[in-house]
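Remarks on the structure that follows.
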Amino acid sequence: MTREILNAINISLDGYSVLISLIIAISILSIKQIDTSTRWFAFTNVAAIVFGLSDLVMWVSEGTDVTWKLIVLPISSWVFYVSGIFLFLFYIRYVYDYYCNFEKLNKKWWYFCVIMVSLYLIGVCISPFTSFFYTIDEFNVYHRGKFFPISVGIELLLYFEVLFLVLKFRKKITNMENIGFASFIFCPFITQIIQIANYGIALNSLGLTISFFIIYINVNNQIKTKLHKTEKELKIIDNKKTDLLSNTIYNLANLIEFSEMGSQHVKRVTLYSRALANACKKNGLYENIIDENFIRNIEKTSSVHDIGNSSVPRSILSKPSKVTPEEFEIIKNHTLVGSDIVNQILAIGHERDFIKMTADICKYHHERWDGKGYPEKLKGKEIPLCARIVSLADAFDALTTTRCYKKAVSFDEAFRVIDNESGKQFDPELVMEFLKLKRQIKAILNTYSDTSYEE
């Protein structure tokens with residue numbers, strides 16, 4: 001094999017090694033939150049990039065045909081040895097920190113590595129003057145130095161350091177992780193033995209590439225597992241936060257309602273709304289809008305439909321006679337006040353869809369299908385679906401319960417009123433579904449009645 005072909009092979013191997021290490025380092029360091037051990041593996045690949053590039057430069061800079069080679073070869077040779085030993089040091093630190101996640105390690109193992117690397121660096125620094133580890137002849141060609149075996153010996157000690165840790169903790173990690181750690185020992189070690197025996201073939205970079213690729217697969221799986229676990233934990237925290245705020249809002253709305261009417265109006269409206277939304281989903285009505293998340297949210301959000309009543313004077317809300325036009329204008333304003341309250345409170349920690357549904361219900365649950373409602377006189381499907389559902393549930397509950405200004409109507413009469421208002425006050429498709437729920441609605445009314453309800 002001619003020298004030109006051999007150099008081409010070596011350059012290709014180094015280039016491939018640099019490319020793989022570059023991809024691994026960038027992919028790991030681009031992740032915002034990684035643990036310390038994983039970061040050390042990224043640094044190992046950075047050192048491998050420098051190691052591979054310096055080796056590649058060494059291959060192309062030998063000879064004396066141009067002046068720049070006389071400068072570049074000594075520099076690249078020195079960088080090659082320095083980056084090679086730091087590659088070992090960073091990798092051992094990766095292994096060391098990884099095992100520290102579940103076992104407290106004696107720092108003497110790390111100190112031993114630092115001492116070995118320091119001795120190695122001393123040998124590298126004196127090599128340009130003494131031919132300790134390597135030498136460059138008068139033809140500007142790199143050769144191993146008279147004490148080159150010492151560098152190999154130090155590397156072997158570092159290999160054994162990793163091997164010791166792998167064997168010591170092999171039962172505490174998965175088989176795939178053991179294979180990953182062991183690959184750094186056997187792949188580069190075997191290729192380096194072959195390289196020592198067959199001087200001139202750059203197999204060491206290939207061994208490192210194989211090893212790093214195997215380890216990266218493990219690291220990637222570990223990152224995915226940790227991210228999945230973190231996502232689950234965050235979701236649990238977010239759900240708890242959402243439930244806490246939702247329950248706070250619900251209890252506040254219930255307190256306001258109870259102080260005004262002494263009733264379970266809020267509870268009944270939430271259950272009626274959920275029952276109607278469930279029926280729509282079951283029968284394929286508004287299937288592009290109603291899903292499980294919509295149903296969960298409407299049960300929580302419907303409870304605050306009248307939270308704006310906190311802005312209406314109690315004297316008006318508890319007035320036993322018909323309110324005046326001026327007083328009605330004040331009452332109508334509760335829809336806008338409720339929407340503002342929701343946007344201010346829920347903005348602390350809820351998703352946008354949840355906030356929007358809650359605000360829409362507060363603002364639009366007094367709109368009418370025929371456009372004669374308030375506050376914006378929306379018509380038909382201009383009214384958000386969630387508000388149309390709660391509007392029907394709220395109206396039915398108002399019909400079947402006694403208020404300070406009116407008596408309750410019978411259960412069947414309430415259903416007749418709802419039916420008659422189909423296409424006028426209420427969405428006709430929702431009315432159709434609601435009428436099918438007569439038995440379920442009656443069960444809710446009996447269970448959560450303000451007094452024992454009689455038909």
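Scheme for the structure tokens: letters A, B, ... for chains in order shown; per-chain residue numbers from 1; ligand numbers from 1 in order shown.
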Exercise for the section: Could you give me, as a ChimeraX atom specification, the residues within 7 Å of Ser211 (chain A), counting only C-alpha atoms and dropping anything in the same chain fewer than 4 positions from it? Expected result: /A:183-184,187,207,215
With C-alpha atoms retained, write the just-selected residues as a PDB file, in the first residue's frame.
ATOM      1  CA  SER A 183     -17.015  -0.078  24.757  1.00  0.00           C
ATOM      2  CA  PHE A 184     -14.660   2.778  25.629  1.00  0.00           C
ATOM      3  CA  CYS A 187     -12.889  -0.521  21.163  1.00  0.00           C
ATOM      4  CA  GLY A 207     -12.203   2.895  17.927  1.00  0.00           C
ATOM      5  CA  ILE A 215     -22.363   5.538  24.519  1.00  0.00           C
TER       6      ILE A 215
END
Problem - Nearby residues (only C-alpha atoms) at most 7 Å from Ile418 (chain A), same-chain spacing under 4 positions excluded, as a list in words - result: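 Those residues are Ala414, Ser422 and Val431 of chain A.
If only C-alpha atoms are the atoms counted, then among A:Thr301, A:Ser17, A:Tyr405, A:Arg39 the closest residue to Ile316 (chain A) is A:Tyr405.
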Handout entry: Nearest to Lys406 (chain A), chosen from A:Ser321, A:Asn288, A:Asn239, A:Thr67, with only C-alpha atoms counted in the distances
Key = A:Ser321
Practice task
Calculate how many Å separate CA of Arg416 (chain A) from CA of Met432 (chain A), rounding to one decimal.
Solution key: 11.9 Å
Exercise for the section: Determine which residues of region 52-103 of chain A receive a DSSP assignment of alpha helix (DSSP H), computed from the backbone, and state them as a ChimeraX atom specification. Expected result: /A:52-61,68-99
Practice task
Give me the residues within 7 Å of region 142-148 of chain A as a PyMOL selection string, counting only C-alpha atoms and dropping any in the same chain fewer than 6 places off.
Solution key: chain A and resi 131-136
Given only C-alpha atoms, how would the per-residue table for region 275-322 of chain A near region 440-451 of chain A read, listing every residue at most 12 Å away with its closest atom pair and distance in Å to one decimal, sorted by chain and number, as a tab-separated table?
residue	atom	partner	partner_atom	distance
A:Ala275	CA	A:Gln440	CA	8.0
A:Leu276	CA	A:Ile441	CA	9.4
A:Asn278	CA	A:Gln440	CA	11.8
A:Ala279	CA	A:Gln440	CA	10.8
Expected file: the selected residues, C-alpha atoms, as a short mmCIF file (atom, residue, chain, number, x, y, z; two decimals), in the first residue's frame:
data_model
loop_
_atom_site.label_atom_id
_atom_site.label_comp_id
_atom_site.auth_asym_id
_atom_site.auth_seq_id
_atom_site.Cartn_x
_atom_site.Cartn_y
_atom_site.Cartn_z
CA ALA A 275 -74.03 15.97 31.31
CA LEU A 276 -75.02 18.00 28.25
CA ASN A 278 -71.09 14.37 27.42
CA ALA A 279 -74.32 13.74 25.53
#
Handout entry: Coordinates-based distance that separates CA of Lys281 (chain A) from CA of His305 (chain A) (Å, one decimal)
Key =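 Pair CA of His305 (chain A) / CA of Lys281 (chain A) returns 22.0 Å.
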With only C-alpha atoms as the counted atoms, please give the residues lying no more than 6 Å from region 359-361 of chain A, apart from itself and same-chain residues fewer than 5 positions off, as a PDB file with C-alpha atoms, in the first residue's frame.
ATOM      1  CA  HIS A 305     -70.381  31.818  35.339  1.00  0.00           C
ATOM      2  CA  SER A 339     -64.739  37.998  32.494  1.00  0.00           C
ATOM      3  CA  VAL A 342     -61.252  35.453  35.435  1.00  0.00           C
ATOM      4  CA  ALA A 387     -71.430  29.650  26.860  1.00  0.00           C
TER       5      ALA A 387
END
Exercise for the section: Find the spatial neighbours of Thr64 (chain A), counting only C-alpha atoms, within a cut-off of 10 Å - ignore same-chain residues fewer than 3 positions away - and output them as a list in words. Expected result: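 Counting only the stated atoms, we get Ser61, Thr67, Trp68, Lys69, Leu70, Glu138, Phe139, Asn140 and Val141 of chain A.
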Problem - Residue set, region 22-209 of chain A restricted to strand (DSSP E), as a PyMOL selection string - result: chain A and resi 134-136+142-144
Just want the 7 Å neighbourhood of Ser21 (chain A), counted on only C-alpha atoms, with same-chain residues fewer than 2 positions away dropped. Output as a tab-separated table (two decimals) with N, CA and C atoms, in the first residue's frame.
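File selection.tsv, as written:
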chain	number	residue	atom	x	y	z
A	17	SER	N	-14.34	10.42	12.26
A	17	SER	CA	-14.36	10.49	13.73
A	17	SER	C	-14.72	11.90	14.19
A	18	VAL	N	-14.14	12.92	13.54
A	18	VAL	CA	-14.43	14.30	13.90
A	18	VAL	C	-15.90	14.62	13.67
A	19	LEU	N	-16.44	14.17	12.55
A	19	LEU	CA	-17.84	14.44	12.22
A	19	LEU	C	-18.78	13.83	13.25
A	23	ILE	N	-21.23	15.94	15.87
A	23	ILE	CA	-22.69	15.75	15.95
A	23	ILE	C	-23.13	15.44	17.37
A	24	ILE	N	-22.38	14.54	18.04
A	24	ILE	CA	-22.72	14.15	19.41
A	24	ILE	C	-22.60	15.34	20.36
A	25	ALA	N	-21.47	16.08	20.26
A	25	ALA	CA	-21.25	17.22	21.16
A	25	ALA	C	-22.33	18.29	20.98
A	45	ASN	N	-16.28	14.48	23.81
A	45	ASN	CA	-16.40	14.54	22.35
A	45	ASN	C	-15.75	15.79	21.77
A	46	VAL	N	-15.78	16.89	22.52
A	46	VAL	CA	-15.07	18.10	22.08
A	46	VAL	C	-13.58	17.82	22.00
A	48	ALA	N	-12.30	14.92	21.58
A	48	ALA	CA	-12.12	13.99	20.47
A	48	ALA	C	-12.08	14.71	19.13
A	49	ILE	N	-12.84	15.79	19.01
A	49	ILE	CA	-12.81	16.60	17.78
A	49	ILE	C	-11.42	17.19	17.57
Completion exercise
re CA of Leu121 (chain A) and CA of Ile85 (chain A): distance 7.9 Å
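Here the question is which of A:Ser27, A:Ile122, A:Lys372, A:Ser37 gets nearest to Cys100 (chain A) using only C-alpha atoms, and that residue is A:Ser37.
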Exercise for the section: Could you tell me which of A:Asn309, A:Asn283, A:Ser83, A:Thr324 comes closest to Glu429 (chain A) if we count only C-alpha atoms? Expected result: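 Among A:Asn309, A:Asn283, A:Ser83, A:Thr324, it is A:Asn283 that comes nearest to Glu429 (chain A).
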